[in-house]
Structures are given as structure tokens and as C-alpha cells.
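Just below is one structure, and these are the notes that go with it.
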Amino acid sequence: MFSNGIPHRCSKCSNPNGFSRKVSPPAESTETTFELARLADCAAPSCPHSVGADFLRLVSICTLEAYDPVADASDLAHEIADGCVPVYTHERWRVFCDLAAYQEDLSDFGTPHDLTEAAGFALYQIAYRLAHAILER
């Protein structure tokens with residue numbers, strides 16, 4: 001769940017707060033939101049308490065909670081990214097703008113049905129890169 005109460009649909013998280021899996025993470029989450037943005041190869045959020053920063057922290061925490069040493073890192077990163085992209089249109093666009101996701105190359109995703117779907121693709125790509133970078137450490 002984002003800190004502002006917006007739910008997410010991460011299949012790896014099952015309690016109302018979103019973080020329940022009891023597996024040892026590869027490392028403690030000590031990165032700042034700006035370090036998370038660097039790992040995700042996206043623009044830094046406007047401030048450490050913005051919706052973009054919340055999104056990056058959500059992906060980081062879900063990744064650490066879902067860590068499984070025997071699982072394929074790429075598959076797990078895809079699953080986490082898919083579940084962390086905001087569902088609600090307004091929230092999706094706020095995160096999209098905060099992380100400057102309009103800079104993403106979406107040519108691998110084909111033609112989206114509308115711009116909101118394109119924004120989701122861009123955020124998915126950012127979430128995937130961050131989750132994969134954390135899992136590969």
C-alpha cells in the first residue's frame with residue numbers, strides 16, 4: 001500500500017500493509033529514494049516523500065519481502081513490477097510525472113490502447129529494472 005493509502009496489487013504481498021512474506025531478504029533496505037531511482041535508471045523523485053518516492057520504496061520493499069534464492073530473478077522481478085504499478089489513473093499519472101517516466105522507451109510493449117496504458121507500461125519498466133537490480137545484488 002502506498003503511504004497515502006492507495007492500494008497496490010502485488011501478488012507477493014498478502015496483508016493490508018502489503019508486506020507479509022517471511023523469507024530472509026538479500027540485504028536490508030537502506031537505500032534512499034535517490035539511490036533507488038539510480039538503480040531503476042529513472043529520474044529522481046521530486047522529494048523523498050513524493051508519490052514517485054513512495055512507488056520506488058514500494059517496489060524495493062516488495063522485492064525484499066518476495067526474495068527467494070531459488071526463484072528466477074527475472075520472473076520474480078516481472079511479477080513484482082506487475083503488481084506495483086498503480087491501478088488508479090490519477091495516481092498512475094502522478095507517479096509517471098514524478099519519475100519522468102515519459103523518457104522511457106516503450107517500443108518493446110507494442111501499441112498501447114491509450115495514454116494511461118502507456119504510462120503503466122513505463123512505470124512497469126521502471127519497477128522491473130529496480131526489482132531486478134535489487135534481486136541481482
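Starting from 1 in every chain, residues are counted up; chains themselves are A, B, ... following the order of the C-alpha cells, and ligands are numbered from 1 as listed.
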Shell around Arg92 of chain A at 8 Å using only C-alpha atoms, local window under 6 positions removed, as a compact mmCIF listing (two decimals) with C-alpha atoms, in the first residue's frame:
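And here is the file that came out, out_25.txt:
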```txt
# COMPACT_ATOMS: atom_id res chain seq x y z
CA VAL A 85 2.12 -0.26 -10.89
CA PRO A 86 -0.67 2.00 -9.58
CA THR A 116 -2.86 5.76 -19.42
CA ALA A 119 2.04 5.36 -18.56
CA GLY A 120 1.51 1.97 -16.92
```
Between atom CA of Ala53 of chain A and atom CA of Glu35 of chain A, measure the distance and give it in Å to one decimal.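 Interatomic distance here is 10.5 Å.
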Pick out the closest residue to Val51 of chain A from this set: A:Glu31, A:Val95, A:Thr63, A:Ser74. Count only C-alpha atoms.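 Comparing A:Glu31, A:Val95, A:Thr63, A:Ser74 against Val51 of chain A, the winner is A:Val95.
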Select, from A:Glu91, A:Asp75, A:Asp98, A:Glu65, the residue with the minimum atom-to-atom distance to Ser46 of chain A, counting only C-alpha atoms.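 Of A:Glu91, A:Asp75, A:Asp98, A:Glu65, the one nearest Ser46 of chain A, counting only C-alpha atoms, is A:Asp98.
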Could you tell me how far atom CA of Asp108 of chain A lies from atom CA of Leu76 of chain A, in Å and to one decimal? 19.3 Å
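Across the structure, atom CA of Thr32 of chain A and atom CA of Arg57 of chain A are spaced 8.7 Å apart.
For the choices A:Ala71, A:Cys97, A:Pro112, A:Cys42, the atom-to-atom distance to Tyr128 of chain A is smallest for A:Cys42 when using only C-alpha atoms.
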Determine, counting only C-alpha atoms, which protein, DNA and RNA residues have an atom within 8 Å of an atom of Ala133 of chain A; residues of the same chain fewer than 4 positions away are not included. Present the result as a VMD selection string. chain A and resid 39 to 40 129 137
Just C-alpha atoms for this one: save the residues we selected as a CSV table (one decimal), in the first residue's frame.
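Saved file result-v6.csv follows:
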```csv
chain,number,residue,atom,x,y,z
A,39,LEU,CA,19.1,1.6,-9.5
A,40,ALA,CA,15.9,1.9,-11.5
A,129,ARG,CA,14.6,-2.6,-13.5
A,137,ARG,CA,22.8,-7.9,-5.7
```
Could you pull the residues within 9 Å of Leu106 of chain A, counting only C-alpha atoms, minus those fewer than 5 positions along the same chain, as a list in words?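 My list of contacting residues is Thr111, Ala118, Phe121, Ala122 and Gln125 of chain A.
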Write a file of the just-selected residues containing N, CA and C atoms, as a PDB file, in the first residue's frame.
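Saved to selection17.pdb:
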```pdb
ATOM      1  N   THR A 111       1.800  -1.237 -29.324  1.00  0.00           N
ATOM      2  CA  THR A 111       0.978  -0.039 -29.323  1.00  0.00           C
ATOM      3  C   THR A 111      -0.028  -0.100 -28.177  1.00  0.00           C
ATOM      4  N   ALA A 118      -0.044   3.410 -21.643  1.00  0.00           N
ATOM      5  CA  ALA A 118       1.362   3.707 -21.932  1.00  0.00           C
ATOM      6  C   ALA A 118       2.091   4.142 -20.667  1.00  0.00           C
ATOM      7  N   PHE A 121       2.841   1.077 -18.732  1.00  0.00           N
ATOM      8  CA  PHE A 121       3.981   0.360 -19.309  1.00  0.00           C
ATOM      9  C   PHE A 121       5.302   0.976 -18.844  1.00  0.00           C
ATOM     10  N   ALA A 122       5.352   2.299 -18.853  1.00  0.00           N
ATOM     11  CA  ALA A 122       6.577   2.999 -18.451  1.00  0.00           C
ATOM     12  C   ALA A 122       6.891   2.731 -16.980  1.00  0.00           C
ATOM     13  N   GLN A 125       8.146  -0.786 -16.499  1.00  0.00           N
ATOM     14  CA  GLN A 125       9.545  -0.917 -16.913  1.00  0.00           C
ATOM     15  C   GLN A 125      10.485  -0.405 -15.816  1.00  0.00           C
TER      16      GLN A 125
END
```
Using only C-alpha atoms, which of A:Ala101, A:Leu58, A:Ala81, A:Leu115 sits nearest Ala127 of chain A? A:Ala81
Of the residues A:Leu135, A:Ala73, A:Ala66, A:Val59, which is the one nearest to Leu36 of chain A, using only C-alpha atoms?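 So, comparing all the options, the nearest one is A:Val59.
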